file run23.txt (compact mmCIF, C-alpha atoms)
# COMPACT_ATOMS: atom_id res chain seq x y z
CA MET H 293 0.00 0.00 0.00
CA LYS H 294 2.81 2.40 0.88
CA LYS H 295 4.55 1.57 -2.39
CA GLU H 296 1.37 2.42 -4.31
CA LYS H 297 1.01 5.75 -2.50
CA LEU H 298 4.63 6.64 -3.24
CA LEU H 299 4.16 5.73 -6.91
CA SER H 300 0.98 7.81 -7.03
CA PHE H 301 2.81 10.81 -5.52
CA ILE H 302 5.69 10.52 -8.00
CA THR H 303 3.40 10.18 -11.02
CA ASN H 304 1.29 13.17 -9.91
CA LYS H 305 3.01 15.96 -11.84
CA LYS H 306 1.93 18.78 -9.53
CA LYS H 307 3.08 17.01 -6.37
CA SER H 308 6.36 15.83 -7.85
CA ASN H 309 7.06 19.33 -9.19
CA PHE H 310 6.40 20.74 -5.72
CA LEU H 311 8.82 18.24 -4.17
CA ILE H 312 11.53 19.00 -6.74
CA TYR H 313 11.00 22.75 -6.42
CA GLY H 314 11.03 22.52 -2.64
CA ILE H 315 14.31 20.61 -2.58
CA GLY H 316 15.94 23.15 -4.88
CA GLN H 317 14.66 26.18 -2.99
CA SER H 318 15.67 24.68 0.35
CA PHE H 319 19.23 25.58 -0.63
CA ASN H 320 18.14 29.25 -0.65
CA LEU H 321 16.95 28.79 2.90
CA LEU H 322 19.88 26.76 4.21
CA SER H 323 22.89 28.48 2.62
CA PRO H 324 22.59 31.71 4.71
CA LEU H 325 22.15 29.61 7.86
CA ILE H 326 25.26 27.57 7.03
CA VAL H 327 27.38 30.62 6.23
CA ALA H 328 26.27 32.95 9.08
CA PRO H 329 27.83 30.97 12.00
CA LEU H 330 31.16 30.85 10.16
CA ILE H 331 31.07 34.62 9.56
CA VAL H 332 30.29 35.26 13.23
CA SER H 333 33.01 32.89 14.48
CA VAL H 334 35.70 34.33 12.15
CA CYS H 335 34.59 37.95 11.66
CA ARG H 336 32.42 38.42 14.78
CA GLU H 337 28.97 40.02 14.97
CA SER H 338 30.22 43.29 13.49
CA GLY H 339 31.49 41.41 10.42
CA LEU H 340 28.07 39.80 9.92
CA GLY H 341 26.44 43.21 10.36
CA LYS H 342 28.65 44.78 7.69
CA LEU H 343 28.10 41.85 5.34
CA GLY H 344 24.36 42.19 5.88
CA LEU H 345 24.50 45.87 4.95
CA GLY H 346 26.29 45.02 1.69
CA PHE H 347 23.64 42.43 0.91
CA ALA H 348 20.90 44.92 1.84
CA LEU H 349 22.25 47.43 -0.69
CA ALA H 350 22.37 44.70 -3.34
CA LEU H 351 18.74 43.70 -2.64
CA PHE H 352 17.61 47.30 -2.95
CA LEU H 353 19.37 47.70 -6.31
CA ILE H 354 18.02 44.33 -7.48
CA LEU H 355 14.50 45.73 -7.28
CA ILE H 356 15.51 48.42 -9.76
CA VAL H 357 16.96 45.77 -12.07
CA ASP H 358 14.03 43.34 -11.70
CA TYR H 359 11.48 46.08 -12.41
CA ALA H 360 8.62 43.70 -11.52
CA PHE H 361 9.63 41.05 -14.08
CA ASP H 362 9.71 38.43 -11.32
CA VAL H 363 6.04 39.16 -10.54
CA LYS H 364 4.34 40.41 -13.71
CA GLY H 365 6.75 38.57 -16.01
CA THR H 366 5.98 35.18 -14.48
CA LYS H 367 2.27 35.85 -14.94
CA GLN H 368 2.79 36.79 -18.62
CA VAL H 369 4.92 33.72 -19.28
CA SER H 370 2.31 31.49 -17.67
CA GLU H 371 -0.45 32.97 -19.82
CA ASN H 372 1.61 32.61 -23.04
CA ARG H 373 3.32 29.31 -22.30
CA THR H 374 2.31 27.77 -25.66
CA ASN H 375 3.26 30.80 -27.78
CA ILE H 376 6.99 30.61 -28.58
CA GLN H 377 7.06 33.96 -30.36
CA ALA H 378 5.47 35.74 -27.39
CA LEU H 379 7.87 34.01 -24.99
CA GLN H 380 10.88 35.10 -27.04
CA GLU H 381 9.63 38.68 -27.00
CA LEU H 382 9.05 38.58 -23.24
CA LEU H 383 12.51 37.21 -22.46
CA SER H 384 14.36 39.49 -24.89
CA GLU H 385 12.56 42.63 -23.73
CA ALA H 386 13.11 41.71 -20.09
CA LEU H 387 16.83 40.98 -20.50
CA PHE H 388 17.68 44.15 -22.40
CA THR H 389 15.53 46.29 -20.12
CA LYS H 390 17.37 44.79 -17.14
CA ILE H 391 20.76 45.57 -18.71
CA PHE H 392 19.70 49.21 -19.13
CA LEU H 393 18.38 49.36 -15.56
CA PHE H 394 21.61 47.82 -14.22
CA PHE H 395 23.54 50.89 -15.31
CA ILE H 396 21.06 53.08 -13.43
CA ALA H 397 21.53 50.88 -10.33
CA LEU H 398 25.30 51.01 -10.78
CA THR H 399 25.21 54.83 -10.92
CA ILE H 400 23.19 54.97 -7.68
CA ALA H 401 25.65 52.59 -5.99
CA LEU H 402 28.67 54.64 -7.06
CA LEU H 403 27.09 57.86 -5.79
CA LEU H 404 26.37 56.23 -2.41
CA VAL H 405 29.81 54.70 -2.05
CA PHE H 406 31.77 57.81 -3.02
CA PHE H 407 29.62 60.57 -1.50
CA VAL H 408 27.88 59.09 1.57
CA PRO H 409 30.32 58.57 4.48
CA PHE H 410 28.31 55.69 5.98
CA PHE H 411 28.85 53.67 2.79
CA SER H 412 32.29 54.96 1.78
CA GLN H 413 33.99 53.35 4.79
CA GLU H 414 33.32 49.89 3.27
CA LYS H 415 33.94 50.52 -0.47
CA LYS H 416 35.36 47.07 -1.19
CA LEU H 417 32.40 45.32 0.41
CA TYR H 418 29.84 47.30 -1.58
CA PHE H 419 31.69 46.91 -4.88
CA PHE H 420 31.87 43.15 -4.37
CA SER H 421 28.15 43.13 -3.49
CA LEU H 422 27.33 44.60 -6.91
CA THR H 423 28.10 41.19 -8.46
CA ILE H 424 24.82 39.99 -6.88
CA VAL H 425 22.98 42.74 -8.75
CA LEU H 426 24.73 41.89 -12.02
CA ALA H 427 23.79 38.22 -11.60
CA GLN H 428 20.14 39.20 -11.23
CA VAL H 429 20.19 40.83 -14.68
CA PHE H 430 20.62 37.38 -16.25
CA ASN H 431 18.47 35.43 -13.78
CA PRO H 432 15.95 33.31 -15.77
CA THR H 433 14.21 31.80 -12.73
CA TRP H 434 11.05 33.88 -13.20
CA PHE H 435 10.80 32.64 -16.78
CA PHE H 436 11.25 28.97 -15.87
CA GLN H 437 8.65 29.37 -13.11
CA GLY H 438 6.14 30.72 -15.61
CA LEU H 439 6.77 27.64 -17.76
CA GLU H 440 6.60 25.47 -14.61
CA LYS H 441 10.02 23.97 -15.41
CA PHE H 442 10.85 23.41 -11.76
CA LYS H 443 13.53 20.77 -12.30
CA VAL H 444 15.74 23.25 -14.11
CA VAL H 445 15.15 25.95 -11.46
CA SER H 446 16.04 23.52 -8.68
CA LEU H 447 19.17 22.14 -10.34
CA LEU H 448 20.61 25.57 -11.12
CA ASN H 449 19.85 26.81 -7.63
CA ILE H 450 21.39 23.78 -5.91
CA LEU H 451 24.59 24.10 -7.93
CA SER H 452 24.83 27.86 -7.42
CA LYS H 453 24.36 27.76 -3.65
CA THR H 454 26.66 24.76 -3.24
CA VAL H 455 29.50 26.54 -5.04
CA TYR H 456 28.86 29.66 -2.91
CA VAL H 457 29.03 27.77 0.39
CA VAL H 458 32.16 25.85 -0.65
CA LEU H 459 33.92 29.08 -1.63
CA VAL H 460 33.03 30.78 1.67
CA PHE H 461 34.26 27.86 3.78
CA ASN H 462 37.52 27.69 1.84
CA PHE H 463 38.43 31.36 1.63
CA VAL H 464 36.85 33.18 4.62
CA ARG H 465 39.62 32.60 7.17
CA HIS H 466 40.49 36.03 8.61
CA LYS H 467 38.58 38.83 10.32
CA ASP H 468 38.36 41.04 7.22
CA ASP H 469 37.37 38.25 4.82
CA TYR H 470 33.65 38.93 5.29
CA VAL H 471 33.91 41.16 2.20
CA LEU H 472 34.41 38.02 0.06
CA ALA H 473 31.10 36.32 0.92
CA ASN H 474 28.88 38.54 -1.24
CA LEU H 475 31.41 38.34 -4.09
CA PHE H 476 31.21 34.55 -4.02
CA LEU H 477 27.41 34.66 -3.91
CA GLY H 478 27.23 37.00 -6.90
CA CYS H 479 29.79 35.17 -9.05
CA SER H 480 28.29 31.72 -8.49
CA ALA H 481 24.78 33.03 -9.24
CA LEU H 482 25.98 34.81 -12.41
CA PHE H 483 27.66 31.68 -13.77
CA PHE H 484 24.61 29.44 -13.34
CA ASN H 485 22.14 32.11 -14.48
CA LEU H 486 24.02 32.29 -17.78
CA ILE H 487 23.78 28.50 -18.04
CA GLY H 488 20.01 28.87 -17.52
CA LEU H 489 19.74 31.29 -20.44
CA PHE H 490 21.79 28.88 -22.56
CA LEU H 491 19.33 26.07 -21.71
CA LEU H 492 16.37 28.23 -22.72
CA ASN H 493 18.03 28.71 -26.08
CA LYS H 494 19.13 25.14 -26.75
CA LYS H 495 16.58 22.97 -24.97
CA TYR H 496 13.40 25.05 -25.21
CA ASN H 497 14.16 26.80 -28.51
CA ILE H 498 13.64 30.29 -27.06
CA HIS H 499 15.99 32.66 -28.87
CA LEU H 500 17.03 36.14 -27.80
CA PHE H 501 16.95 39.17 -30.06
CA VAL H 502 17.61 42.88 -29.58
CA PRO H 503 14.22 44.57 -29.03
CA LYS H 504 13.36 48.01 -30.34
CA LYS H 505 14.54 50.87 -28.13
CA ASN H 506 11.02 52.27 -28.01
CA ARG H 507 9.74 49.00 -26.55
CA VAL H 508 12.25 49.12 -23.69
CA ILE H 509 11.28 52.73 -22.94
CA GLU H 510 7.59 51.77 -23.03
CA ILE H 511 8.13 48.96 -20.50
CA ILE H 512 9.96 51.32 -18.15
CA LYS H 513 7.19 53.93 -18.39
CA ASN H 514 4.33 51.47 -17.98
CA ASP H 515 5.78 49.66 -14.98
CA PHE H 516 7.31 52.66 -13.21
CA THR H 517 4.69 52.97 -10.46
CA PHE H 518 4.81 49.23 -9.78
CA CYS H 519 8.61 49.36 -9.55
CA LEU H 520 8.33 52.37 -7.24
CA SER H 521 6.12 50.35 -4.91
CA GLN H 522 8.72 47.54 -4.94
CA LEU H 523 11.40 50.05 -3.97
CA PHE H 524 9.24 51.16 -1.05
CA LEU H 525 8.76 47.53 -0.10
CA SER H 526 12.51 47.02 -0.25
CA ALA H 527 13.05 50.12 1.86
CA ARG H 528 10.69 48.67 4.48
CA GLN H 529 12.54 45.35 4.50
CA LEU H 530 16.06 46.78 4.46
CA SER H 531 15.71 49.99 6.48
CA PRO H 532 15.72 48.15 9.87
CA LEU H 533 19.22 46.78 9.26
CA VAL H 534 20.56 49.99 7.69
CA LEU H 535 19.10 52.23 10.41
CA THR H 536 20.33 49.87 13.14
CA GLY H 537 23.84 50.04 11.71
CA TYR H 538 23.68 53.83 11.36
CA PHE H 539 22.21 54.68 14.78
CA LEU H 540 23.38 51.79 16.99
CA GLY H 541 26.56 50.50 15.31
CA PHE H 542 27.69 47.35 13.50
CA THR H 543 27.54 45.07 16.58
CA PHE H 544 23.83 45.80 17.08
CA ALA H 545 23.40 45.43 13.32
CA GLY H 546 25.00 42.00 13.61
CA GLN H 547 22.64 41.00 16.43
CA TYR H 548 19.64 42.16 14.41
CA LYS H 549 21.03 40.35 11.36
CA ILE H 550 20.93 37.08 13.31
CA MET H 551 17.24 37.60 14.10
CA GLU H 552 16.66 38.72 10.54
CA GLN H 553 18.23 35.49 9.29
CA VAL H 554 15.34 33.60 10.83
CA ILE H 555 12.76 36.14 9.61
CA THR H 556 14.29 35.98 6.14
CA LEU H 557 14.31 32.19 6.29
CA PHE H 558 10.54 32.16 6.76
CA ARG H 559 9.95 35.03 4.32
CA THR H 560 11.95 33.24 1.65
CA TYR H 561 10.18 29.97 2.33
CA ILE H 562 6.74 31.62 2.17
CA GLN H 563 7.59 33.47 -1.05
CA VAL H 564 9.02 30.32 -2.63
CA PHE H 565 5.97 28.32 -1.54
CA LEU H 566 3.56 30.90 -2.95
CA LYS H 567 5.54 31.33 -6.18
CA PHE H 568 5.15 27.63 -6.88
CA PHE H 569 1.36 28.03 -6.97
CA TYR H 570 1.40 31.49 -8.56
CA PRO H 571 1.43 30.38 -12.26
CA SER H 572 -1.43 27.92 -11.70
CA LEU H 573 -3.42 30.52 -9.74
CA CYS H 574 -2.96 33.06 -12.57
CA TYR H 575 -4.10 30.45 -15.07
CA LYS H 576 -7.17 29.40 -13.05
CA ILE H 577 -8.30 32.92 -12.17
CA VAL H 578 -9.02 33.74 -15.83
CA ASP H 579 -11.92 31.30 -16.30
CA LYS H 580 -12.50 29.54 -12.97
CA LYS H 581 -12.50 32.28 -10.35
CA GLN H 582 -14.35 30.39 -7.63
CA GLU H 583 -12.12 27.35 -8.08
CA ALA H 584 -9.05 29.61 -8.05
CA TYR H 585 -10.09 31.17 -4.74
CA ALA H 586 -10.68 27.75 -3.14
CA TYR H 587 -7.28 26.64 -4.45
CA TRP H 588 -5.58 29.73 -2.95
CA LYS H 589 -7.37 29.34 0.38
CA LYS H 590 -6.41 25.68 0.72
CA TYR H 591 -2.66 25.96 0.16
CA SER H 592 -2.41 29.25 2.12
CA PHE H 593 -4.15 27.69 5.15
CA TYR H 594 -1.93 24.59 5.24
CA ASN H 595 1.13 26.75 4.81
CA SER H 596 0.19 28.92 7.80
CA ILE H 597 -0.35 25.84 9.98
CA LEU H 598 3.08 24.53 9.00
CA ILE H 599 4.69 27.90 9.80
CA LEU H 600 2.97 28.07 13.18
CA THR H 601 4.24 24.60 14.10
CA ALA H 602 7.81 25.49 13.16
CA LEU H 603 7.66 28.77 15.11
CA ILE H 604 6.46 27.01 18.26
CA VAL H 605 9.49 24.72 18.04
CA LEU H 606 11.82 27.71 17.60
CA PHE H 607 10.20 29.49 20.55
CA VAL H 608 10.79 26.52 22.84
CA PHE H 609 14.39 26.01 21.68
CA SER H 610 15.28 29.68 21.15
CA GLU H 611 18.54 29.52 23.14
CA GLN H 612 19.80 26.57 21.12
CA VAL H 613 18.92 28.43 17.91
CA LEU H 614 20.92 31.48 18.97
CA LEU H 615 23.86 29.32 20.07
CA PHE H 616 23.91 27.87 16.54
CA PHE H 617 24.97 31.34 15.34
CA LYS H 618 28.05 31.22 17.62
CA LEU H 619 26.82 33.99 19.92
CA ASP H 620 28.58 34.43 23.23
CA LYS H 621 26.53 34.01 26.43
CA ALA H 622 26.25 37.76 27.09
CA SER H 623 24.77 38.47 23.65
CA LEU H 624 22.50 35.43 23.91
CA VAL H 625 20.96 36.59 27.18
CA SER H 626 20.41 40.11 25.85
CA ILE H 627 18.52 39.13 22.69
CA ASN H 628 16.79 35.84 23.57
CA LYS H 629 13.55 37.50 24.71
CA LEU H 630 13.54 39.80 21.70
CA PHE H 631 14.23 36.88 19.38
CA ARG H 632 11.12 35.11 20.71
CA ILE H 633 9.02 38.22 20.11
CA SER H 634 10.40 38.46 16.56
CA LEU H 635 8.87 35.07 15.71
CA ILE H 636 5.46 36.78 15.60
CA ILE H 637 6.62 38.57 12.43
CA SER H 638 7.03 35.32 10.52
CA MET H 639 3.58 34.10 11.53
CA LEU H 640 1.99 37.33 10.34
CA MET H 641 3.94 37.15 7.08
CA SER H 642 2.38 33.79 6.22
CA ILE H 643 -0.97 35.63 6.13
CA SER H 644 0.10 38.99 4.65
CA LEU H 645 2.11 37.47 1.77
CA ALA H 646 -0.77 35.14 0.89
CA PHE H 647 -3.12 38.12 0.65
CA GLU H 648 -0.47 40.04 -1.30
CA GLN H 649 -0.40 37.24 -3.88
CA LEU H 650 -4.18 37.36 -4.25
CA VAL H 651 -4.11 41.15 -4.67
CA LEU H 652 -1.60 40.82 -7.52
CA VAL H 653 -3.43 37.94 -9.21
CA LEU H 654 -6.67 39.95 -9.14
CA GLY H 655 -4.83 42.79 -10.89
CA LYS H 656 -5.30 45.26 -8.02
CA ASN H 657 -1.90 46.83 -8.63
CA LYS H 658 -2.97 50.31 -7.51
CA ASP H 659 -4.10 48.94 -4.14
CA TYR H 660 -0.82 47.02 -3.85
CA ILE H 661 1.25 50.13 -4.61
CA ARG H 662 -0.75 52.33 -2.23
CA THR H 663 -0.52 49.79 0.59
CA THR H 664 3.21 49.27 0.16
CA ILE H 665 3.96 53.01 0.25
CA VAL H 666 1.76 53.68 3.29
CA VAL H 667 3.15 50.78 5.34
CA THR H 668 6.74 51.66 4.46
CA ILE H 669 6.32 55.26 5.60
CA VAL H 670 4.73 54.13 8.89
CA ASN H 671 7.48 51.56 9.45
CA ILE H 672 10.38 53.96 8.90
CA PHE H 673 8.67 56.72 10.93
CA ILE H 674 8.32 54.43 13.97
CA ILE H 675 11.98 53.37 13.74
CA LEU H 676 13.29 56.93 13.45
CA LEU H 677 11.10 58.09 16.34
CA PHE H 678 11.98 55.39 18.88
CA ILE H 679 15.23 53.62 17.92
CA ASN H 680 17.46 55.72 20.18
CA SER H 681 15.22 55.00 23.17
CA TYR H 682 14.27 51.35 22.72
CA HIS H 683 17.03 50.09 20.39
CA LEU H 684 16.31 46.72 18.75
CA TYR H 685 12.87 46.46 20.37
CA THR H 686 11.81 49.37 18.17
CA ILE H 687 12.80 47.45 15.05
CA ILE H 688 10.89 44.30 15.96
CA ILE H 689 7.73 46.06 17.11
CA SER H 690 7.71 48.25 13.97
CA LEU H 691 7.88 45.12 11.80
CA ILE H 692 5.00 43.50 13.70
CA ILE H 693 2.89 46.65 13.21
CA SER H 694 3.78 46.67 9.50
CA GLU H 695 2.63 43.09 8.94
CA VAL H 696 -0.66 43.76 10.74
CA LEU H 697 -1.23 46.80 8.51
CA PHE H 698 -0.48 44.73 5.40
CA ILE H 699 -3.06 42.11 6.41
CA ILE H 700 -5.76 44.71 7.12
CA LEU H 701 -5.19 46.73 3.94
CA TYR H 702 -4.80 43.72 1.63
CA TYR H 703 -7.91 42.10 3.06
CA LYS H 704 -9.83 45.32 2.53
CA SER H 705 -8.65 45.34 -1.09
CA VAL H 706 -9.90 41.83 -1.90
CA ILE H 707 -12.91 41.49 0.44
CA THR H 708 -15.44 42.31 -2.30
CA ASN H 709 -14.01 39.63 -4.57
CA LEU H 710 -13.86 37.07 -1.76
CA THR H 711 -17.44 37.56 -0.57
CA SER H 712 -18.83 37.51 -4.10
CA ARG H 713 -17.12 34.19 -4.75
CA ILE H 714 -18.20 32.67 -1.48
CA ASN H 715 -21.80 33.64 -2.18
call {"tool": "encode", "arguments": {"input": "run23.txt", "output": "C-alpha cells"}}
result
Amino acid sequence: MKKEKLLSFITNKKKSNFLIYGIGQSFNLLSPLIVAPLIVSVCRESGLGKLGLGFALALFLILIVDYAFDVKGTKQVSENRTNIQALQELLSEALFTKIFLFFIALTIALLLVFFVPFFSQEKKLYFFSLTIVLAQVFNPTWFFQGLEKFKVVSLLNILSKTVYVVLVFNFVRHKDDYVLANLFLGCSALFFNLIGLFLLNKKYNIHLFVPKKNRVIEIIKNDFTFCLSQLFLSARQLSPLVLTGYFLGFTFAGQYKIMEQVITLFRTYIQVFLKFFYPSLCYKIVDKKQEAYAYWKKYSFYNSILILTALIVLFVFSEQVLLFFKLDKASLVSINKLFRISLIISMLMSISLAFEQLVLVLGKNKDYIRTTIVVTIVNIFIILLFINSYHLYTIIISLIISEVLFIILYYKSVITNLTSRIN
C-alpha cells in the first residue's frame, strides 16, 4: 500500500514538481544559515552586520533591475506558455531592459559609495556586493517558473548555492574576509544564471533578439509605479538593518542580522511556496474564479499551519537556535527575549504574503502600490522616532505593526471579490 502511494505521488506531476521545487529552494533557505555561523566565528557580529549591509544594498538595487519582471513577467509567461514567439519577445525585452536598468543601479551605488560617508567606509564590500545585482540581470528563474520547469530551477539553484558555500568555507579565514562572501554569492549566481539562459536557447528553442529601443522605454514607463512600490517595499525590509547600523553600530546590526536570518528564512520559504502556486493561480483565475479562490485558500491555510508549528518549536528552543549562530553568552541573554518576540513577524507574514499574492493575481496593482507606500512610511517613521530610546525592540515592534497593517489593507482590497465568490 505504501509503495502504491509513493508511486501515485511521484506520477502526480503537480506534487512531484512541488517536491523538486522545494528541494531546490531549500538551498536558498539553508545556505545563509550555514554561512552565518562561520562569519560570526571568524569575523564576529560586526562582520556579519557589515556583510548584511552590503547584501541589503544589493537587494535594494536588485529591485531596480528586476522592475517587476519576477512578478508580472511570471504571470505573462504562464499565460503565453504555448506561444513561442510571445515568450521570445518577453525574455528578450526583459533581458535588455534589465541591462539598461543595471547601469542606473550602478550609478546609484557609485554615488552612495563615493559621496555618503556611511557607505564609503566599506567601499570594497559594496563593490563586491554589486556582483549579486549583475547576476540578477541574467536570472531566468522567473521565466522557468512561468513555464513550470521546476527541475531546471532547482538544479541551477542547488549548484549555485553549493559553489557559494564551498567558496566561503575555503576562503573566509580572517577577520576582514567577510567582504568576500557577497562576491562569491554573486559570481556563483551569475555563472549558473548564464547557463540557464543557454538552456532556454538550446533545450526550449527560445531565442534572444535585440528589441526596439522604443519597446524598452515603453516597458519602463508602464511599470514605473509598480517598480516604485517595490522600492518602497525594499526600503521597508532593508531599512531596519541599515538604520540599526547607522544609529546603533555594527555590533547591534549583527545582532539584528541574526534575528533577521530567521525572519528571512521564513519570508523566503513563504515566497518560494507561494511562487510555486502562482502560475497555476494566474491560469485558473481567468476562467474559474471560484475554483481559483478555493485553491488559494487551501494551500495558504496549510502553509500557515506549517509555519505556526515550526515557530512554536523555535520558541521553545530559542537559546539553542541562537547558540547555533556562535553567539557568546552575554549576547545570547540580551537578545533571547527579543528573538522570541520576533517570531510573531514570521507568523503574520504567512498571512500577509498570501493576501499580497491574491491582490496581484486579481490585478489590483494600484491597491498594492498604495498599501506598500503607506506601510513603508509608517514603518520607517516608527523606527526613526523610537530607535534611540528602545534600540532593537523598536525594530521588531515596527515590523510587527507593519505586517498587521499589510493584512488589514490587503484584506480590505480583496474582500469584495472574496465575498462575491463565497456567495
call {"tool": "closest_residue", "arguments": {"input": "run23.txt", "among": "H:Val460, H:Ile643, H:Ile326, H:Leu654", "to": "Tyr591 of chain H", "atoms": "only C-alpha atoms"}}
result
H:Ile643
call {"tool": "axis_aligned_box", "arguments": {"input": "run23.txt", "around": "segment 557-574 of chain H", "padding_each_side": "5 Å", "output": "lines of an AutoDock Vina configuration file"}}
result
center_x = 5.4
center_y = 31.3
center_z = -2.9
size_x = 27.7
size_y = 17.4
size_z = 29.3
call {"tool": "atom_distance", "arguments": {"input": "run23.txt", "atom1": "atom CA of Glu695 of chain H", "atom2": "atom CA of Tyr660 of chain H"}}
result
13.8 Å
call {"tool": "closest_residue", "arguments": {"input": "run23.txt", "among": "H:Ile692, H:Ala348, H:Leu343, H:Ile550", "to": "Lys618 of chain H", "atoms": "all atoms listed in the file"}}
result
H:Ile550
call {"tool": "atom_distance", "arguments": {"input": "run23.txt", "atom1": "atom CA of Ala527 of chain H", "atom2": "atom CA of Asn474 of chain H"}}
result
19.9 Å
call {"tool": "atom_distance", "arguments": {"input": "run23.txt", "atom1": "atom CA of Lys704 of chain H", "atom2": "atom CA of Ser634 of chain H"}}
result
25.6 Å
call {"tool": "residues_around", "arguments": {"input": "run23.txt", "residues": "Leu422 of chain H", "least_positions_apart": "5", "cutoff": "9 Å", "atoms": "only C-alpha atoms", "output": "list in words"}}
result
Gly346, Phe347, Leu349, Ala350, Leu353, Leu398, Ala401, Leu417, Ala427, Asn474, Leu475 and Gly478 of chain H
call {"tool": "closest_residue", "arguments": {"input": "run23.txt", "among": "H:Gln317, H:Ser690, H:Asn375, H:Asn462", "to": "Lys443 of chain H", "atoms": "all atoms listed in the file"}}
result
H:Gln317
call {"tool": "closest_residue", "arguments": {"input": "run23.txt", "among": "H:Leu684, H:Lys367, H:Ile700, H:Asn431", "to": "Thr543 of chain H", "atoms": "all atoms listed in the file"}}
result
H:Leu684
call {"tool": "closest_residue", "arguments": {"input": "run23.txt", "among": "H:Thr686, H:Ser370, H:Asn309, H:Ser323", "to": "Val445 of chain H", "atoms": "only C-alpha atoms"}}
result
H:Asn309
call {"tool": "closest_residue", "arguments": {"input": "run23.txt", "among": "H:Thr556, H:Ser333, H:Asn506, H:Asn514", "to": "Phe461 of chain H", "atoms": "only C-alpha atoms"}}
result
H:Ser333
call {"tool": "residues_around", "arguments": {"input": "run23.txt", "residues": "segment 562-574 of chain H", "least_positions_apart": "4", "cutoff": "9 Å", "atoms": "only C-alpha atoms", "output": "number ranges by chain"}}
result
H: 309-310, 313-314, 317, 363, 366-367, 369-371, 437-440, 442, 557-558, 578, 584-585, 587-588, 591-592, 595, 599, 641-642, 645-646, 649-650, 653-654
call {"tool": "write_last_selection", "arguments": {"input": "run23.txt", "atoms": "C-alpha atoms", "output": "PDB file, in the coordinates of the input"}}
result
ATOM      1  CA  ASN H 309       7.060  19.330  -9.190  1.00  0.00           C
ATOM      2  CA  PHE H 310       6.400  20.740  -5.720  1.00  0.00           C
ATOM      3  CA  TYR H 313      11.000  22.750  -6.420  1.00  0.00           C
ATOM      4  CA  GLY H 314      11.030  22.520  -2.640  1.00  0.00           C
ATOM      5  CA  GLN H 317      14.660  26.180  -2.990  1.00  0.00           C
ATOM      6  CA  VAL H 363       6.040  39.160 -10.540  1.00  0.00           C
ATOM      7  CA  THR H 366       5.980  35.180 -14.480  1.00  0.00           C
ATOM      8  CA  LYS H 367       2.270  35.850 -14.940  1.00  0.00           C
ATOM      9  CA  VAL H 369       4.920  33.720 -19.280  1.00  0.00           C
ATOM     10  CA  SER H 370       2.310  31.490 -17.670  1.00  0.00           C
ATOM     11  CA  GLU H 371      -0.450  32.970 -19.820  1.00  0.00           C
ATOM     12  CA  GLN H 437       8.650  29.370 -13.110  1.00  0.00           C
ATOM     13  CA  GLY H 438       6.140  30.720 -15.610  1.00  0.00           C
ATOM     14  CA  LEU H 439       6.770  27.640 -17.760  1.00  0.00           C
ATOM     15  CA  GLU H 440       6.600  25.470 -14.610  1.00  0.00           C
ATOM     16  CA  PHE H 442      10.850  23.410 -11.760  1.00  0.00           C
ATOM     17  CA  LEU H 557      14.310  32.190   6.290  1.00  0.00           C
ATOM     18  CA  PHE H 558      10.540  32.160   6.760  1.00  0.00           C
ATOM     19  CA  VAL H 578      -9.020  33.740 -15.830  1.00  0.00           C
ATOM     20  CA  ALA H 584      -9.050  29.610  -8.050  1.00  0.00           C
ATOM     21  CA  TYR H 585     -10.090  31.170  -4.740  1.00  0.00           C
ATOM     22  CA  TYR H 587      -7.280  26.640  -4.450  1.00  0.00           C
ATOM     23  CA  TRP H 588      -5.580  29.730  -2.950  1.00  0.00           C
ATOM     24  CA  TYR H 591      -2.660  25.960   0.160  1.00  0.00           C
ATOM     25  CA  SER H 592      -2.410  29.250   2.120  1.00  0.00           C
ATOM     26  CA  ASN H 595       1.130  26.750   4.810  1.00  0.00           C
ATOM     27  CA  ILE H 599       4.690  27.900   9.800  1.00  0.00           C
ATOM     28  CA  MET H 641       3.940  37.150   7.080  1.00  0.00           C
ATOM     29  CA  SER H 642       2.380  33.790   6.220  1.00  0.00           C
ATOM     30  CA  LEU H 645       2.110  37.470   1.770  1.00  0.00           C
ATOM     31  CA  ALA H 646      -0.770  35.140   0.890  1.00  0.00           C
ATOM     32  CA  GLN H 649      -0.400  37.240  -3.880  1.00  0.00           C
ATOM     33  CA  LEU H 650      -4.180  37.360  -4.250  1.00  0.00           C
ATOM     34  CA  VAL H 653      -3.430  37.940  -9.210  1.00  0.00           C
ATOM     35  CA  LEU H 654      -6.670  39.950  -9.140  1.00  0.00           C
TER      36      LEU H 654
END
call {"tool": "residues_near_point", "arguments": {"input": "run23.txt", "point": "(5.1, 55.3, -3.2)", "cutoff": "6 Å", "atoms": "only C-alpha atoms", "output": "list in words"}}
result
Leu520, Ser521 and Ile665 of chain H
